[in-house]
Amino acid sequence: MFYTGVFTIGTCSVMREHNETRVFNDDVLSWFDEKQKQDFILQPDGYVSNIGNAITIHISKELIGTGFETDLKQTFHLNDDNLEIIIEELDENSSILIY
């Protein structure tokens, strides 16, 4: 079992569960319509998406290499050996925000 979703440091995580019977591709960004994108979070620190068992942690540049990835792996239950974990820098093209 693992989760996908949006996170901010020390504030909140919004997650969807994936288990043996519910491993679906989740881009996370499609969760939000235009109004929700504006109202949801002022500045997310990133999100976790998946395509099958390939999990991508989209994380702000400032957090890469700080060890925060380890915390995210625990929070989103990404410690299963069957998961491929990819770390990708969050940029304006992948942001859930409208600027």
# chains A, B, ... in the order shown; residues from 1 in each chain; ligands from 1
$ residues_around --residues "Gly46 of chain A" --least-positions-apart "5" --cutoff "9 Å" --atoms "only C-alpha atoms" --output "PDB file with all heavy atoms, in the first residue's frame"
ATOM      1  N   GLY A   5      -0.420  12.191  -3.483  1.00  0.00           N
ATOM      2  CA  GLY A   5      -1.079  13.390  -2.992  1.00  0.00           C
ATOM      3  C   GLY A   5      -0.185  14.608  -2.966  1.00  0.00           C
ATOM      4  O   GLY A   5       0.932  14.597  -3.473  1.00  0.00           O
ATOM      5  N   VAL A   6      -0.702  15.642  -2.329  1.00  0.00           N
ATOM      6  CA  VAL A   6      -0.053  16.946  -2.230  1.00  0.00           C
ATOM      7  C   VAL A   6       0.444  17.128  -0.803  1.00  0.00           C
ATOM      8  O   VAL A   6      -0.193  16.679   0.139  1.00  0.00           O
ATOM      9  CB  VAL A   6      -1.063  18.061  -2.581  1.00  0.00           C
ATOM     10  CG1 VAL A   6      -0.446  19.434  -2.427  1.00  0.00           C
ATOM     11  CG2 VAL A   6      -1.590  17.865  -3.991  1.00  0.00           C
ATOM     12  N   PHE A   7       1.586  17.825  -0.641  1.00  0.00           N
ATOM     13  CA  PHE A   7       2.094  18.056   0.712  1.00  0.00           C
ATOM     14  C   PHE A   7       2.682  19.456   0.849  1.00  0.00           C
ATOM     15  O   PHE A   7       3.114  20.072  -0.118  1.00  0.00           O
ATOM     16  CB  PHE A   7       3.158  17.016   1.088  1.00  0.00           C
ATOM     17  CG  PHE A   7       4.368  17.039   0.192  1.00  0.00           C
ATOM     18  CD1 PHE A   7       5.430  17.884   0.443  1.00  0.00           C
ATOM     19  CD2 PHE A   7       4.433  16.214  -0.917  1.00  0.00           C
ATOM     20  CE1 PHE A   7       6.543  17.910  -0.388  1.00  0.00           C
ATOM     21  CE2 PHE A   7       5.538  16.224  -1.758  1.00  0.00           C
ATOM     22  CZ  PHE A   7       6.592  17.075  -1.490  1.00  0.00           C
ATOM     23  N   THR A   8       2.664  19.943   2.067  1.00  0.00           N
ATOM     24  CA  THR A   8       3.423  21.125   2.472  1.00  0.00           C
ATOM     25  C   THR A   8       4.166  20.751   3.739  1.00  0.00           C
ATOM     26  O   THR A   8       3.703  19.920   4.526  1.00  0.00           O
ATOM     27  CB  THR A   8       2.527  22.349   2.737  1.00  0.00           C
ATOM     28  OG1 THR A   8       1.595  22.032   3.758  1.00  0.00           O
ATOM     29  CG2 THR A   8       1.798  22.794   1.493  1.00  0.00           C
ATOM     30  N   ILE A  57       8.227  11.715  -6.770  1.00  0.00           N
ATOM     31  CA  ILE A  57       8.111  12.760  -5.758  1.00  0.00           C
ATOM     32  C   ILE A  57       8.501  14.058  -6.452  1.00  0.00           C
ATOM     33  O   ILE A  57       9.653  14.240  -6.836  1.00  0.00           O
ATOM     34  CB  ILE A  57       9.029  12.485  -4.548  1.00  0.00           C
ATOM     35  CG1 ILE A  57       8.640  11.170  -3.870  1.00  0.00           C
ATOM     36  CG2 ILE A  57       8.991  13.655  -3.573  1.00  0.00           C
ATOM     37  CD1 ILE A  57       9.582  10.740  -2.756  1.00  0.00           C
ATOM     38  N   HIS A  58       7.530  14.927  -6.646  1.00  0.00           N
ATOM     39  CA  HIS A  58       7.758  16.247  -7.244  1.00  0.00           C
ATOM     40  C   HIS A  58       7.974  17.186  -6.065  1.00  0.00           C
ATOM     41  O   HIS A  58       7.043  17.439  -5.294  1.00  0.00           O
ATOM     42  CB  HIS A  58       6.532  16.680  -8.053  1.00  0.00           C
ATOM     43  CG  HIS A  58       6.080  15.660  -9.049  1.00  0.00           C
ATOM     44  ND1 HIS A  58       6.460  15.700 -10.372  1.00  0.00           N
ATOM     45  CD2 HIS A  58       5.274  14.578  -8.922  1.00  0.00           C
ATOM     46  CE1 HIS A  58       5.901  14.685 -11.014  1.00  0.00           C
ATOM     47  NE2 HIS A  58       5.179  13.998 -10.162  1.00  0.00           N
ATOM     48  N   ILE A  59       9.176  17.702  -5.920  1.00  0.00           N
ATOM     49  CA  ILE A  59       9.548  18.428  -4.709  1.00  0.00           C
ATOM     50  C   ILE A  59      10.265  19.715  -5.077  1.00  0.00           C
ATOM     51  O   ILE A  59      10.981  19.769  -6.082  1.00  0.00           O
ATOM     52  CB  ILE A  59      10.412  17.523  -3.806  1.00  0.00           C
ATOM     53  CG1 ILE A  59      10.654  18.129  -2.437  1.00  0.00           C
ATOM     54  CG2 ILE A  59      11.697  17.140  -4.480  1.00  0.00           C
ATOM     55  CD1 ILE A  59      11.279  17.164  -1.452  1.00  0.00           C
ATOM     56  N   SER A  60      10.064  20.752  -4.280  1.00  0.00           N
ATOM     57  CA  SER A  60      10.697  22.029  -4.582  1.00  0.00           C
ATOM     58  C   SER A  60      12.220  21.903  -4.543  1.00  0.00           C
ATOM     59  O   SER A  60      12.783  21.107  -3.783  1.00  0.00           O
ATOM     60  CB  SER A  60      10.233  23.123  -3.613  1.00  0.00           C
ATOM     61  OG  SER A  60      10.611  22.821  -2.303  1.00  0.00           O
ATOM     62  N   GLU A  89      12.346  17.674  -9.664  1.00  0.00           N
ATOM     63  CA  GLU A  89      12.202  19.051  -9.205  1.00  0.00           C
ATOM     64  C   GLU A  89      10.846  19.624  -9.608  1.00  0.00           C
ATOM     65  O   GLU A  89      10.433  19.518 -10.757  1.00  0.00           O
ATOM     66  CB  GLU A  89      13.320  19.917  -9.783  1.00  0.00           C
ATOM     67  CG  GLU A  89      13.294  21.340  -9.309  1.00  0.00           C
ATOM     68  CD  GLU A  89      14.414  22.173  -9.904  1.00  0.00           C
ATOM     69  OE1 GLU A  89      15.526  21.637 -10.085  1.00  0.00           O
ATOM     70  OE2 GLU A  89      14.159  23.359 -10.209  1.00  0.00           O
ATOM     71  N   LEU A  90      10.156  20.195  -8.657  1.00  0.00           N
ATOM     72  CA  LEU A  90       8.886  20.859  -8.911  1.00  0.00           C
ATOM     73  C   LEU A  90       9.168  22.191  -9.600  1.00  0.00           C
ATOM     74  O   LEU A  90      10.006  22.966  -9.158  1.00  0.00           O
ATOM     75  CB  LEU A  90       8.157  21.105  -7.586  1.00  0.00           C
ATOM     76  CG  LEU A  90       6.792  21.758  -7.647  1.00  0.00           C
ATOM     77  CD1 LEU A  90       5.784  20.809  -8.271  1.00  0.00           C
ATOM     78  CD2 LEU A  90       6.332  22.143  -6.259  1.00  0.00           C
ATOM     79  N   SER A  95       3.384  22.686 -11.257  1.00  0.00           N
ATOM     80  CA  SER A  95       2.748  23.213 -10.067  1.00  0.00           C
ATOM     81  C   SER A  95       1.237  23.122 -10.161  1.00  0.00           C
ATOM     82  O   SER A  95       0.650  23.253 -11.229  1.00  0.00           O
ATOM     83  CB  SER A  95       3.139  24.674  -9.849  1.00  0.00           C
ATOM     84  OG  SER A  95       2.470  25.210  -8.745  1.00  0.00           O
ATOM     85  N   ILE A  96       0.568  22.926  -9.013  1.00  0.00           N
ATOM     86  CA  ILE A  96      -0.886  22.911  -8.984  1.00  0.00           C
ATOM     87  C   ILE A  96      -1.432  24.338  -8.907  1.00  0.00           C
ATOM     88  O   ILE A  96      -2.625  24.535  -8.903  1.00  0.00           O
ATOM     89  CB  ILE A  96      -1.443  22.084  -7.828  1.00  0.00           C
ATOM     90  CG1 ILE A  96      -1.102  22.714  -6.481  1.00  0.00           C
ATOM     91  CG2 ILE A  96      -1.004  20.651  -7.919  1.00  0.00           C
ATOM     92  CD1 ILE A  96      -1.848  22.116  -5.317  1.00  0.00           C
TER      93      ILE A  96
END
$ residues_around --residues "segment 65-75 of chain A" --least-positions-apart "4" --cutoff "9 Å" --atoms "only C-alpha atoms" --output "MDAnalysis selection string"
chainID A and resid 3 7 9 13 48 57 59 61 79 85 87
$ write_last_selection --atoms "all heavy atoms" --output "short mmCIF file (atom, residue, chain, number, x, y, z; two decimals), in the first residue's frame"
data_model
loop_
_atom_site.label_atom_id
_atom_site.label_comp_id
_atom_site.auth_asym_id
_atom_site.auth_seq_id
_atom_site.Cartn_x
_atom_site.Cartn_y
_atom_site.Cartn_z
N TYR A 3 0.59 5.85 -0.99
CA TYR A 3 -0.31 6.98 -1.20
C TYR A 3 0.27 7.93 -2.24
O TYR A 3 1.48 8.04 -2.39
CB TYR A 3 -0.52 7.76 0.11
CG TYR A 3 -1.22 6.96 1.16
CD1 TYR A 3 -0.51 6.17 2.06
CD2 TYR A 3 -2.61 6.98 1.28
CE1 TYR A 3 -1.15 5.44 3.03
CE2 TYR A 3 -3.27 6.25 2.25
CZ TYR A 3 -2.52 5.47 3.12
OH TYR A 3 -3.17 4.73 4.08
N PHE A 7 1.59 17.82 -0.64
CA PHE A 7 2.09 18.06 0.71
C PHE A 7 2.68 19.46 0.85
O PHE A 7 3.11 20.07 -0.12
CB PHE A 7 3.16 17.02 1.09
CG PHE A 7 4.37 17.04 0.19
CD1 PHE A 7 5.43 17.88 0.44
CD2 PHE A 7 4.43 16.21 -0.92
CE1 PHE A 7 6.54 17.91 -0.39
CE2 PHE A 7 5.54 16.22 -1.76
CZ PHE A 7 6.59 17.07 -1.49
N ILE A 9 5.32 21.32 3.94
CA ILE A 9 6.13 20.99 5.10
C ILE A 9 5.43 21.44 6.37
O ILE A 9 5.05 22.59 6.51
CB ILE A 9 7.51 21.66 5.03
CG1 ILE A 9 8.27 21.13 3.84
CG2 ILE A 9 8.30 21.44 6.31
CD1 ILE A 9 9.60 21.78 3.64
N SER A 13 -0.99 17.10 4.42
CA SER A 13 -0.88 16.22 3.26
C SER A 13 -2.29 15.82 2.88
O SER A 13 -3.12 15.58 3.74
CB SER A 13 -0.08 14.97 3.59
OG SER A 13 1.24 15.28 3.92
N VAL A 48 3.15 13.88 -4.78
CA VAL A 48 3.59 12.53 -5.09
C VAL A 48 2.59 11.94 -6.08
O VAL A 48 1.40 11.88 -5.80
CB VAL A 48 3.66 11.66 -3.82
CG1 VAL A 48 4.05 10.23 -4.16
CG2 VAL A 48 4.63 12.26 -2.80
N ILE A 57 8.23 11.72 -6.77
CA ILE A 57 8.11 12.76 -5.76
C ILE A 57 8.50 14.06 -6.45
O ILE A 57 9.65 14.24 -6.84
CB ILE A 57 9.03 12.48 -4.55
CG1 ILE A 57 8.64 11.17 -3.87
CG2 ILE A 57 8.99 13.65 -3.57
CD1 ILE A 57 9.58 10.74 -2.76
N ILE A 59 9.18 17.70 -5.92
CA ILE A 59 9.55 18.43 -4.71
C ILE A 59 10.26 19.72 -5.08
O ILE A 59 10.98 19.77 -6.08
CB ILE A 59 10.41 17.52 -3.81
CG1 ILE A 59 10.65 18.13 -2.44
CG2 ILE A 59 11.70 17.14 -4.48
CD1 ILE A 59 11.28 17.16 -1.45
N LYS A 61 12.87 22.66 -5.38
CA LYS A 61 14.33 22.60 -5.55
C LYS A 61 15.05 22.76 -4.22
O LYS A 61 16.04 22.09 -3.96
CB LYS A 61 14.75 23.71 -6.51
CG LYS A 61 16.21 23.79 -6.80
CD LYS A 61 16.51 24.91 -7.77
CE LYS A 61 17.98 25.03 -8.07
NZ LYS A 61 18.25 26.10 -9.04
N ASN A 79 8.06 2.82 1.13
CA ASN A 79 9.23 2.02 1.51
C ASN A 79 9.19 0.60 0.98
O ASN A 79 10.08 -0.19 1.25
CB ASN A 79 9.37 2.02 3.03
CG ASN A 79 9.64 3.42 3.55
OD1 ASN A 79 10.44 4.15 2.98
ND2 ASN A 79 8.97 3.80 4.61
N ILE A 85 11.17 4.65 -7.01
CA ILE A 85 11.00 6.03 -6.54
C ILE A 85 11.86 6.96 -7.40
O ILE A 85 13.06 6.76 -7.56
CB ILE A 85 11.42 6.19 -5.06
CG1 ILE A 85 10.69 5.17 -4.18
CG2 ILE A 85 11.18 7.62 -4.59
CD1 ILE A 85 9.19 5.28 -4.17
N ILE A 87 12.80 11.10 -7.97
CA ILE A 87 12.75 12.45 -7.40
C ILE A 87 12.84 13.43 -8.55
O ILE A 87 13.77 13.36 -9.37
CB ILE A 87 13.91 12.71 -6.41
CG1 ILE A 87 13.97 11.63 -5.32
CG2 ILE A 87 13.81 14.11 -5.82
CD1 ILE A 87 12.81 11.62 -4.36
#
$ closest_residue --among "A:Arg22, A:Leu78, A:Gly10, A:Arg16" --to "Asp45 of chain A" --atoms "only C-alpha atoms"
A:Gly10
